[in-house]
$ cat input.pdb   # PDB, C-alpha atoms and all ligand atoms
ATOM      1  CA  MET A   1      41.880 112.345 129.781  1.00  0.00           C
ATOM      2  CA  ILE A   2      43.352 109.915 127.237  1.00  0.00           C
ATOM      3  CA  ARG A   3      41.130 107.162 128.605  1.00  0.00           C
ATOM      4  CA  GLN A   4      38.060 109.376 128.263  1.00  0.00           C
ATOM      5  CA  LYS A   5      38.964 110.136 124.662  1.00  0.00           C
ATOM      6  CA  GLU A   6      39.252 106.419 123.873  1.00  0.00           C
ATOM      7  CA  LEU A   7      35.947 105.628 125.558  1.00  0.00           C
ATOM      8  CA  GLU A   8      34.135 108.181 123.392  1.00  0.00           C
ATOM      9  CA  HIS A   9      34.358 105.764 120.461  1.00  0.00           C
ATOM     10  CA  PRO A  10      30.890 104.166 119.908  1.00  0.00           C
ATOM     11  CA  PHE A  11      32.512 100.705 120.172  1.00  0.00           C
ATOM     12  CA  TYR A  12      32.810 101.125 123.962  1.00  0.00           C
ATOM     13  CA  ALA A  13      29.122 101.847 124.571  1.00  0.00           C
ATOM     14  CA  ASN A  14      28.434  98.153 123.873  1.00  0.00           C
ATOM     15  CA  PRO A  15      31.375  96.289 122.286  1.00  0.00           C
ATOM     16  CA  GLN A  16      29.479  93.063 121.553  1.00  0.00           C
ATOM     17  CA  LYS A  17      26.622  94.933 119.881  1.00  0.00           C
ATOM     18  CA  TRP A  18      29.005  97.203 117.956  1.00  0.00           C
ATOM     19  CA  ILE A  19      30.760  94.170 116.459  1.00  0.00           C
ATOM     20  CA  ALA A  20      27.480  92.539 115.472  1.00  0.00           C
ATOM     21  CA  GLU A  21      26.263  95.738 113.799  1.00  0.00           C
ATOM     22  CA  ASN A  22      29.522  96.728 112.107  1.00  0.00           C
ATOM     23  CA  CYS A  23      30.406  93.582 110.230  1.00  0.00           C
ATOM     24  CA  ALA A  24      30.957  95.404 106.917  1.00  0.00           C
ATOM     25  CA  ALA A  25      33.326  97.901 108.553  1.00  0.00           C
ATOM     26  CA  LEU A  26      35.267  95.048 110.136  1.00  0.00           C
ATOM     27  CA  ARG A  27      35.483  93.162 106.867  1.00  0.00           C
ATOM     28  CA  ALA A  28      37.005  96.258 105.233  1.00  0.00           C
ATOM     29  CA  CYS A  29      39.925  95.993 107.695  1.00  0.00           C
ATOM     30  CA  PHE A  30      41.089  92.692 106.197  1.00  0.00           C
ATOM     31  CA  GLY A  31      43.045  92.159 102.975  1.00  0.00           C
ATOM     32  CA  LYS A  32      46.200  90.780 101.418  1.00  0.00           C
ATOM     33  CA  PRO A  33      49.137  91.696 103.650  1.00  0.00           C
ATOM     34  CA  SER A  34      52.365  93.295 102.425  1.00  0.00           C
ATOM     35  CA  ILE A  35      53.876  94.361 105.784  1.00  0.00           C
ATOM     36  CA  HIS A  36      54.730  92.603 109.038  1.00  0.00           C
ATOM     37  CA  THR A  37      54.897  94.850 112.103  1.00  0.00           C
ATOM     38  CA  CYS A  38      54.372  94.994 115.882  1.00  0.00           C
ATOM     39  CA  VAL A  39      51.134  94.339 117.824  1.00  0.00           C
ATOM     40  CA  ASP A  40      51.511  97.825 119.381  1.00  0.00           C
ATOM     41  CA  GLU A  41      48.373  99.956 118.944  1.00  0.00           C
ATOM     42  CA  ALA A  42      50.519 102.876 117.797  1.00  0.00           C
ATOM     43  CA  VAL A  43      51.737 101.309 114.575  1.00  0.00           C
ATOM     44  CA  GLN A  44      49.626 101.152 111.437  1.00  0.00           C
ATOM     45  CA  PRO A  45      50.443 100.078 107.885  1.00  0.00           C
ATOM     46  CA  ARG A  46      50.712 103.219 105.734  1.00  0.00           C
ATOM     47  CA  ASP A  47      49.009 104.053 102.423  1.00  0.00           C
ATOM     48  CA  GLY A  48      45.969 101.818 103.016  1.00  0.00           C
ATOM     49  CA  LYS A  49      48.131  98.684 103.060  1.00  0.00           C
ATOM     50  CA  PHE A  50      47.411  95.608 105.189  1.00  0.00           C
ATOM     51  CA  ALA A  51      49.789  94.137 107.764  1.00  0.00           C
ATOM     52  CA  THR A  52      50.259  91.054 109.882  1.00  0.00           C
ATOM     53  CA  TYR A  53      51.462  91.428 113.454  1.00  0.00           C
ATOM     54  CA  SER A  54      53.501  89.834 116.201  1.00  0.00           C
ATOM     55  CA  VAL A  55      55.192  91.205 119.319  1.00  0.00           C
ATOM     56  CA  GLY A  56      58.329  93.204 118.413  1.00  0.00           C
ATOM     57  CA  ALA A  57      57.533  92.706 114.690  1.00  0.00           C
ATOM     58  CA  GLY A  58      58.736  89.115 115.222  1.00  0.00           C
ATOM     59  CA  ASP A  59      62.017  89.468 117.116  1.00  0.00           C
ATOM     60  CA  LEU A  60      60.628  87.376 120.022  1.00  0.00           C
ATOM     61  CA  HIS A  61      58.958  84.758 117.824  1.00  0.00           C
ATOM     62  CA  PRO A  62      60.137  81.281 118.902  1.00  0.00           C
ATOM     63  CA  ASN A  63      60.061  79.900 115.347  1.00  0.00           C
ATOM     64  CA  GLN A  64      61.818  82.436 113.117  1.00  0.00           C
ATOM     65  CA  GLU A  65      62.050  80.071 110.175  1.00  0.00           C
ATOM     66  CA  GLY A  66      58.341  79.208 110.371  1.00  0.00           C
ATOM     67  CA  LEU A  67      57.409  82.885 110.669  1.00  0.00           C
ATOM     68  CA  ALA A  68      59.491  83.765 107.585  1.00  0.00           C
ATOM     69  CA  LYS A  69      57.952  80.879 105.617  1.00  0.00           C
ATOM     70  CA  ASN A  70      54.403  81.949 106.512  1.00  0.00           C
ATOM     71  CA  LEU A  71      55.064  85.607 105.691  1.00  0.00           C
ATOM     72  CA  LYS A  72      56.643  84.707 102.365  1.00  0.00           C
ATOM     73  CA  GLU A  73      53.684  82.520 101.420  1.00  0.00           C
ATOM     74  CA  MET A  74      51.338  85.388 102.209  1.00  0.00           C
ATOM     75  CA  GLY A  75      53.346  87.792 100.029  1.00  0.00           C
ATOM     76  CA  VAL A  76      54.741  89.994 102.818  1.00  0.00           C
ATOM     77  CA  GLU A  77      57.784  91.939 101.603  1.00  0.00           C
ATOM     78  CA  GLU A  78      58.360  94.513 104.322  1.00  0.00           C
ATOM     79  CA  VAL A  79      59.135  94.311 108.051  1.00  0.00           C
ATOM     80  CA  ASP A  80      58.433  97.404 110.170  1.00  0.00           C
ATOM     81  CA  PRO A  81      59.954  97.485 113.652  1.00  0.00           C
ATOM     82  CA  HIS A  82      59.257 100.651 115.629  1.00  0.00           C
ATOM     83  CA  VAL A  83      60.932 102.901 118.169  1.00  0.00           C
ATOM     84  CA  ASP A  84      59.750 102.814 121.804  1.00  0.00           C
ATOM     85  CA  CYS A  85      58.992  99.088 121.436  1.00  0.00           C
ATOM     86  CA  GLY A  86      58.600  96.981 124.580  1.00  0.00           C
ATOM     87  CA  GLY A  87      59.197  93.852 122.488  1.00  0.00           C
ATOM     88  CA  ASN A  88      62.641  95.158 121.518  1.00  0.00           C
ATOM     89  CA  LYS A  89      63.465  95.753 125.197  1.00  0.00           C
ATOM     90  CA  ILE A  90      62.651  92.122 126.061  1.00  0.00           C
ATOM     91  CA  PHE A  91      64.540  90.963 122.954  1.00  0.00           C
ATOM     92  CA  ALA A  92      67.704  92.890 123.934  1.00  0.00           C
ATOM     93  CA  GLN A  93      67.505  91.655 127.527  1.00  0.00           C
ATOM     94  CA  LYS A  94      66.937  88.019 126.549  1.00  0.00           C
ATOM     95  CA  ASN A  95      69.911  88.048 124.209  1.00  0.00           C
ATOM     96  CA  ASN A  96      72.227  90.123 126.435  1.00  0.00           C
ATOM     97  CA  LEU A  97      72.513  92.859 123.827  1.00  0.00           C
ATOM     98  CA  SER A  98      73.925  96.049 125.267  1.00  0.00           C
ATOM     99  CA  GLY A  99      72.942  98.453 122.474  1.00  0.00           C
ATOM    100  CA  ASP A 100      69.832 100.620 122.341  1.00  0.00           C
ATOM    101  CA  PRO A 101      66.939  98.095 122.217  1.00  0.00           C
ATOM    102  CA  ASP A 102      65.266  99.737 119.212  1.00  0.00           C
ATOM    103  CA  ALA A 103      68.571  99.742 117.318  1.00  0.00           C
ATOM    104  CA  GLU A 104      68.908  96.037 118.161  1.00  0.00           C
ATOM    105  CA  GLY A 105      65.338  95.446 116.930  1.00  0.00           C
ATOM    106  CA  LEU A 106      66.167  97.227 113.682  1.00  0.00           C
ATOM    107  CA  LYS A 107      69.316  95.146 113.254  1.00  0.00           C
ATOM    108  CA  TRP A 108      67.266  91.977 113.829  1.00  0.00           C
ATOM    109  CA  ALA A 109      64.708  93.072 111.192  1.00  0.00           C
ATOM    110  CA  GLU A 110      67.445  93.789 108.649  1.00  0.00           C
ATOM    111  CA  GLY A 111      68.753  90.248 109.064  1.00  0.00           C
ATOM    112  CA  PHE A 112      65.323  88.584 109.177  1.00  0.00           C
ATOM    113  CA  VAL A 113      63.936  90.342 106.097  1.00  0.00           C
ATOM    114  CA  LYS A 114      66.501  88.660 103.840  1.00  0.00           C
ATOM    115  CA  GLN A 115      64.458  85.471 104.179  1.00  0.00           C
ATOM    116  CA  LEU A 116      61.487  87.180 102.512  1.00  0.00           C
ATOM    117  CA  GLY A 117      63.117  87.606  99.110  1.00  0.00           C
ATOM    118  CA  PRO A 118      65.451  89.921  97.188  1.00  0.00           C
ATOM    119  CA  ASN A 119      62.982  92.833  97.067  1.00  0.00           C
ATOM    120  CA  ALA A 120      62.033  92.717 100.740  1.00  0.00           C
ATOM    121  CA  SER A 121      62.780  95.813 102.827  1.00  0.00           C
ATOM    122  CA  VAL A 122      62.709  97.243 106.343  1.00  0.00           C
ATOM    123  CA  HIS A 123      61.036 100.474 107.417  1.00  0.00           C
ATOM    124  CA  GLN A 124      61.624 101.571 110.995  1.00  0.00           C
ATOM    125  CA  ILE A 125      58.571 103.426 112.333  1.00  0.00           C
ATOM    126  CA  THR A 126      59.811 106.596 114.020  1.00  0.00           C
ATOM    127  CA  GLU A 127      58.402 108.575 116.934  1.00  0.00           C
ATOM    128  CA  SER A 128      56.500 111.034 114.725  1.00  0.00           C
ATOM    129  CA  GLU A 129      54.637 108.125 113.096  1.00  0.00           C
ATOM    130  CA  LEU A 130      53.505 106.554 116.385  1.00  0.00           C
ATOM    131  CA  GLN A 131      49.803 107.004 117.140  1.00  0.00           C
ATOM    132  CA  ARG A 132      50.260 107.286 120.910  1.00  0.00           C
ATOM    133  CA  PRO A 133      52.304 109.255 123.478  1.00  0.00           C
ATOM    134  CA  PRO A 134      55.821 107.880 124.193  1.00  0.00           C
ATOM    135  CA  ALA A 135      55.875 104.918 126.622  1.00  0.00           C
ATOM    136  CA  PHE A 136      52.115 105.052 127.190  1.00  0.00           C
ATOM    137  CA  HIS A 137      49.560 102.571 125.827  1.00  0.00           C
ATOM    138  CA  PRO A 138      46.106 104.173 125.608  1.00  0.00           C
ATOM    139  CA  ALA A 139      44.309 101.289 123.794  1.00  0.00           C
ATOM    140  CA  LEU A 140      41.533  99.550 125.723  1.00  0.00           C
ATOM    141  CA  ALA A 141      41.029  96.724 123.229  1.00  0.00           C
ATOM    142  CA  ALA A 142      42.951  94.188 121.173  1.00  0.00           C
ATOM    143  CA  VAL A 143      41.812  92.555 117.935  1.00  0.00           C
ATOM    144  CA  PHE A 144      42.716  88.863 117.820  1.00  0.00           C
ATOM    145  CA  TYR A 145      42.123  86.872 114.621  1.00  0.00           C
ATOM    146  CA  GLY A 146      43.248  83.537 113.277  1.00  0.00           C
ATOM    147  CA  HIS A 147      42.940  83.600 109.522  1.00  0.00           C
ATOM    148  CA  ARG A 148      45.808  84.274 107.149  1.00  0.00           C
ATOM    149  CA  ALA A 149      45.078  87.858 106.250  1.00  0.00           C
ATOM    150  CA  GLY A 150      46.417  91.342 106.754  1.00  0.00           C
ATOM    151  CA  PHE A 151      44.625  93.866 108.917  1.00  0.00           C
ATOM    152  CA  ASN A 152      44.393  97.657 108.919  1.00  0.00           C
ATOM    153  CA  ARG A 153      42.346  99.252 111.687  1.00  0.00           C
ATOM    154  CA  ASN A 154      42.130 102.602 109.895  1.00  0.00           C
ATOM    155  CA  LEU A 155      40.003 101.113 107.106  1.00  0.00           C
ATOM    156  CA  GLY A 156      37.144 100.113 109.406  1.00  0.00           C
ATOM    157  CA  ASN A 157      36.467 102.944 111.832  1.00  0.00           C
ATOM    158  CA  LEU A 158      37.764 100.965 114.810  1.00  0.00           C
ATOM    159  CA  PRO A 159      39.067 102.509 118.010  1.00  0.00           C
ATOM    160  CA  LEU A 160      42.784 102.329 118.787  1.00  0.00           C
ATOM    161  CA  VAL A 161      43.558  98.597 119.192  1.00  0.00           C
ATOM    162  CA  PHE A 162      46.439  96.218 119.658  1.00  0.00           C
ATOM    163  CA  LYS A 163      46.193  93.525 116.972  1.00  0.00           C
ATOM    164  CA  MET A 164      47.492  90.044 116.561  1.00  0.00           C
ATOM    165  CA  THR A 165      46.942  87.008 114.365  1.00  0.00           C
ATOM    166  CA  ASP A 166      47.720  83.546 115.641  1.00  0.00           C
ATOM    167  CA  ALA A 167      47.940  82.233 112.077  1.00  0.00           C
ATOM    168  CA  LEU A 168      51.656  83.018 112.402  1.00  0.00           C
ATOM    169  CA  ALA A 169      52.256  81.191 115.681  1.00  0.00           C
ATOM    170  CA  ASP A 170      51.514  77.971 117.490  1.00  0.00           C
ATOM    171  CA  GLU A 171      48.730  78.068 120.087  1.00  0.00           C
ATOM    172  CA  GLN A 172      51.116  78.420 123.009  1.00  0.00           C
ATOM    173  CA  TYR A 173      52.934  81.434 121.583  1.00  0.00           C
ATOM    174  CA  ALA A 174      49.655  83.015 120.465  1.00  0.00           C
ATOM    175  CA  LEU A 175      48.410  82.818 124.053  1.00  0.00           C
ATOM    176  CA  GLU A 176      51.719  84.213 125.315  1.00  0.00           C
ATOM    177  CA  GLN A 177      51.321  87.204 122.987  1.00  0.00           C
ATOM    178  CA  LEU A 178      47.795  87.886 124.260  1.00  0.00           C
ATOM    179  CA  LEU A 179      49.118  87.788 127.823  1.00  0.00           C
ATOM    180  CA  GLN A 180      51.874  90.220 126.850  1.00  0.00           C
ATOM    181  CA  ILE A 181      49.370  92.586 125.246  1.00  0.00           C
ATOM    182  CA  GLY A 182      47.183  92.543 128.378  1.00  0.00           C
ATOM    183  CA  THR A 183      50.185  93.075 130.638  1.00  0.00           C
ATOM    184  CA  ILE A 184      51.406  96.033 128.549  1.00  0.00           C
ATOM    185  CA  ALA A 185      47.923  97.603 128.578  1.00  0.00           C
ATOM    186  CA  TRP A 186      47.754  97.189 132.343  1.00  0.00           C
ATOM    187  CA  GLU A 187      51.304  98.153 133.342  1.00  0.00           C
ATOM    188  CA  HIS A 188      52.026 100.814 130.725  1.00  0.00           C
ATOM    189  CA  GLY A 189      48.491 101.955 130.092  1.00  0.00           C
ATOM    190  CA  HIS A 190      45.514 102.786 132.271  1.00  0.00           C
ATOM    191  CA  GLY A 191      46.215 100.171 134.947  1.00  0.00           C
ATOM    192  CA  ASP A 192      44.191 100.897 138.053  1.00  0.00           C
ATOM    193  CA  GLN A 193      41.908 103.278 136.174  1.00  0.00           C
ATOM    194  CA  MET A 194      40.976 100.611 133.683  1.00  0.00           C
ATOM    195  CA  ASP A 195      37.503  99.213 134.206  1.00  0.00           C
ATOM    196  CA  LYS A 196      37.496  97.036 131.082  1.00  0.00           C
ATOM    197  CA  PHE A 197      39.912  95.833 128.448  1.00  0.00           C
ATOM    198  CA  HIS A 198      38.389  93.879 125.542  1.00  0.00           C
ATOM    199  CA  PHE A 199      39.943  91.090 123.521  1.00  0.00           C
ATOM    200  CA  VAL A 200      38.019  91.208 120.243  1.00  0.00           C
ATOM    201  CA  ALA A 201      38.067  87.710 118.732  1.00  0.00           C
ATOM    202  CA  LEU A 202      37.278  87.981 115.018  1.00  0.00           C
ATOM    203  CA  GLY A 203      36.614  84.785 113.082  1.00  0.00           C
ATOM    204  CA  ASN A 204      35.973  84.646 109.364  1.00  0.00           C
ATOM    205  CA  GLY A 205      32.993  82.296 109.641  1.00  0.00           C
ATOM    206  CA  ARG A 206      34.693  79.685 107.446  1.00  0.00           C
ATOM    207  CA  ASP A 207      37.991  78.002 108.362  1.00  0.00           C
ATOM    208  CA  VAL A 208      38.356  80.067 111.543  1.00  0.00           C
ATOM    209  CA  PRO A 209      35.086  80.300 113.491  1.00  0.00           C
ATOM    210  CA  ALA A 210      34.849  83.082 116.086  1.00  0.00           C
ATOM    211  CA  LYS A 211      33.942  80.522 118.742  1.00  0.00           C
ATOM    212  CA  ARG A 212      37.382  78.880 118.724  1.00  0.00           C
ATOM    213  CA  LEU A 213      39.196  82.228 118.985  1.00  0.00           C
ATOM    214  CA  GLU A 214      36.799  83.352 121.697  1.00  0.00           C
ATOM    215  CA  GLU A 215      37.635  80.332 123.845  1.00  0.00           C
ATOM    216  CA  ARG A 216      41.332  80.979 123.460  1.00  0.00           C
ATOM    217  CA  ALA A 217      41.006  84.684 124.233  1.00  0.00           C
ATOM    218  CA  TRP A 218      39.135  83.766 127.429  1.00  0.00           C
ATOM    219  CA  LEU A 219      42.152  81.716 128.539  1.00  0.00           C
ATOM    220  CA  ALA A 220      44.221  84.905 128.419  1.00  0.00           C
ATOM    221  CA  ALA A 221      41.462  87.011 130.004  1.00  0.00           C
ATOM    222  CA  HIS A 222      41.015  84.591 132.936  1.00  0.00           C
ATOM    223  CA  GLU A 223      44.766  84.420 133.568  1.00  0.00           C
ATOM    224  CA  LEU A 224      45.109  88.226 133.455  1.00  0.00           C
ATOM    225  CA  ASN A 225      42.087  88.719 135.729  1.00  0.00           C
ATOM    226  CA  LYS A 226      43.758  86.397 138.219  1.00  0.00           C
ATOM    227  CA  ARG A 227      46.984  88.404 138.035  1.00  0.00           C
ATOM    228  CA  VAL A 228      45.382  91.810 138.541  1.00  0.00           C
ATOM    229  CA  GLN A 229      42.699  90.463 140.911  1.00  0.00           C
ATOM    230  CA  LYS A 230      39.931  92.349 139.139  1.00  0.00           C
ATOM    231  CA  LYS A 231      37.538  91.328 136.400  1.00  0.00           C
ATOM    232  CA  VAL A 232      38.996  93.829 133.976  1.00  0.00           C
ATOM    233  CA  PHE A 233      39.805  91.647 130.990  1.00  0.00           C
ATOM    234  CA  ASN A 234      36.832  90.706 128.851  1.00  0.00           C
ATOM    235  CA  VAL A 235      36.241  88.963 125.518  1.00  0.00           C
ATOM    236  CA  VAL A 236      33.847  89.876 122.734  1.00  0.00           C
ATOM    237  CA  ALA A 237      33.594  87.889 119.505  1.00  0.00           C
ATOM    238  CA  GLY A 238      32.130  87.969 116.035  1.00  0.00           C
ATOM    239  CA  ASN A 239      32.716  87.067 112.413  1.00  0.00           C
ATOM    240  CA  VAL A 240      33.873  89.421 109.672  1.00  0.00           C
ATOM    241  CA  GLU A 241      31.916  87.620 106.927  1.00  0.00           C
ATOM    242  CA  CYS A 242      28.429  89.016 106.554  1.00  0.00           C
TER     243      CYS A 242
HETATM  244 ZN    ZN A 301      56.380  97.055 119.629  1.00  0.00          ZN
END
$ encode --input "input.pdb" --output "structure tokens" --more "lines below"
Ligand SMILES: [Zn+2]
Amino acid sequence: MIRQKELEHPFYANPQKWIAENCAALRACFGKPSIHTCVDEAVQPRDGKFATYSVGAGDLHPNQEGLAKNLKEMGVEEVDPHVDCGGNKIFAQKNNLSGDPDAEGLKWAEGFVKQLGPNASVHQITESELQRPPAFHPALAAVFYGHRAGFNRNLGNLPLVFKMTDALADEQYALEQLLQIGTIAWEHGHGDQMDKFHFVALGNGRDVPAKRLEERAWLAAHELNKRVQKKVFNVVAGNVEC
């Protein structure tokens, strides 16, 4: 049922064509970021703001100092972890933390945010704000971009998507995050019922051409297809400048 509802979005009739024909809508999704939050499809920046994204809102990022420096340069002043976050579960496990994983994720955010300046704040996204059922990941696509910008799906008539920028990570960690997104979609989403999951590689046509992102997204798609032994993971690409 949930899968059917997702597939009703015109994007899924022909993802590659939809991207080519909806460049203006896609461009409207990008702007100056003020929030950093999780790649989870259920979290969105509120009030028409733009956000940058990494798994667990950054608690698993291997270069915390570099992440903070990048976010500060971009003007991000808010970190939004969320409840029911798989990233927080991995974070708590990795660090042998015995508390509730989402409470540990919140504690991490409250420490991390201090590096973003005296006015920086944390907003924990609660269950009522999540745009998905608890512990289920209905999204059948992930937006993957490489330029230093914020993104807000709601501003461009996109379907429910995971989202991630690799402008905040080295290539290895960016690939790891794509693999995590695909694994979450498979294991905690439609799994066996899934006939396609799309990585949407969005270049800006200038410093980050779609082609480069597309090649990288295919690395993740090939690896995931090997793991699930089905050609489920697919890549579509385009530029947001038009
Ligand atoms: Zn999360």
$ atom_distance --input "input.pdb" --atom1 "atom CA of Gly205 of chain A" --atom2 "atom CA of Gly156 of chain A"
18.3 Å
$ closest_residue --input "input.pdb" --among "A:Pro33, A:Pro101, A:Gly191, A:Gly75" --to "ligand ZN 301 (chain A)" --atoms "only C-alpha atoms and all ligand atoms"
A:Pro101
$ residues_around --input "input.pdb" --residues "segment 183-186 of chain A" --least-positions-apart "5" --cutoff "8 Å" --atoms "all atoms listed in the file" --output "CSV table (one decimal) with C-alpha atoms, in the coordinates of the input"
chain,number,residue,atom,x,y,z
A,137,HIS,CA,49.6,102.6,125.8
A,138,PRO,CA,46.1,104.2,125.6
A,139,ALA,CA,44.3,101.3,123.8
A,140,LEU,CA,41.5,99.6,125.7
A,191,GLY,CA,46.2,100.2,134.9
A,192,ASP,CA,44.2,100.9,138.1
A,194,MET,CA,41.0,100.6,133.7
A,224,LEU,CA,45.1,88.2,133.5
$ resolve_selection --input "input.pdb" --expression "the PyMOL selection byres (((chain A and resi 167) around 6) and not hetatm)" --output "VMD selection string"
chain A and resid 146 to 148 165 to 166 168 to 169
$ closest_residue --input "input.pdb" --among "A:Leu60, A:Leu155, A:Val228, A:Ala141" --to "ligand ZN 301 (chain A)" --atoms "only C-alpha atoms and all ligand atoms"
A:Leu60
$ decode --input "input.pdb" --residues "segment 90-118 of chain A" --atoms "C-alpha atoms" --output "compact mmCIF listing (two decimals), in the first residue's frame"
# COMPACT_ATOMS: atom_id res chain seq x y z
CA ILE A 90 24.89 2.43 15.13
CA PHE A 91 26.47 5.38 16.96
CA ALA A 92 25.44 4.04 20.39
CA GLN A 93 26.62 0.53 19.52
CA LYS A 94 29.97 1.68 18.14
CA ASN A 95 30.69 3.73 21.24
CA ASN A 96 29.31 1.22 23.77
CA LEU A 97 26.72 3.69 25.02
CA SER A 98 24.02 2.01 27.05
CA GLY A 99 21.42 4.80 27.01
CA ASP A 100 18.52 5.15 24.59
CA PRO A 101 20.20 5.64 21.17
CA ASP A 102 18.15 8.73 20.29
CA ALA A 103 18.99 10.30 23.66
CA GLU A 104 22.66 9.56 22.94
CA GLY A 105 22.30 11.14 19.49
CA LEU A 106 20.76 14.23 21.07
CA LYS A 107 23.58 14.43 23.60
CA TRP A 108 26.12 14.17 20.76
CA ALA A 109 24.37 17.00 18.85
CA GLU A 110 24.37 19.24 21.92
CA GLY A 111 28.13 18.83 22.22
CA PHE A 112 28.85 19.10 18.49
CA VAL A 113 26.76 22.23 17.92
CA LYS A 114 29.03 24.29 20.18
CA GLN A 115 31.58 24.26 17.36
CA LEU A 116 29.14 26.14 15.11
CA GLY A 117 29.13 29.36 17.13
CA PRO A 118 27.48 30.97 20.17
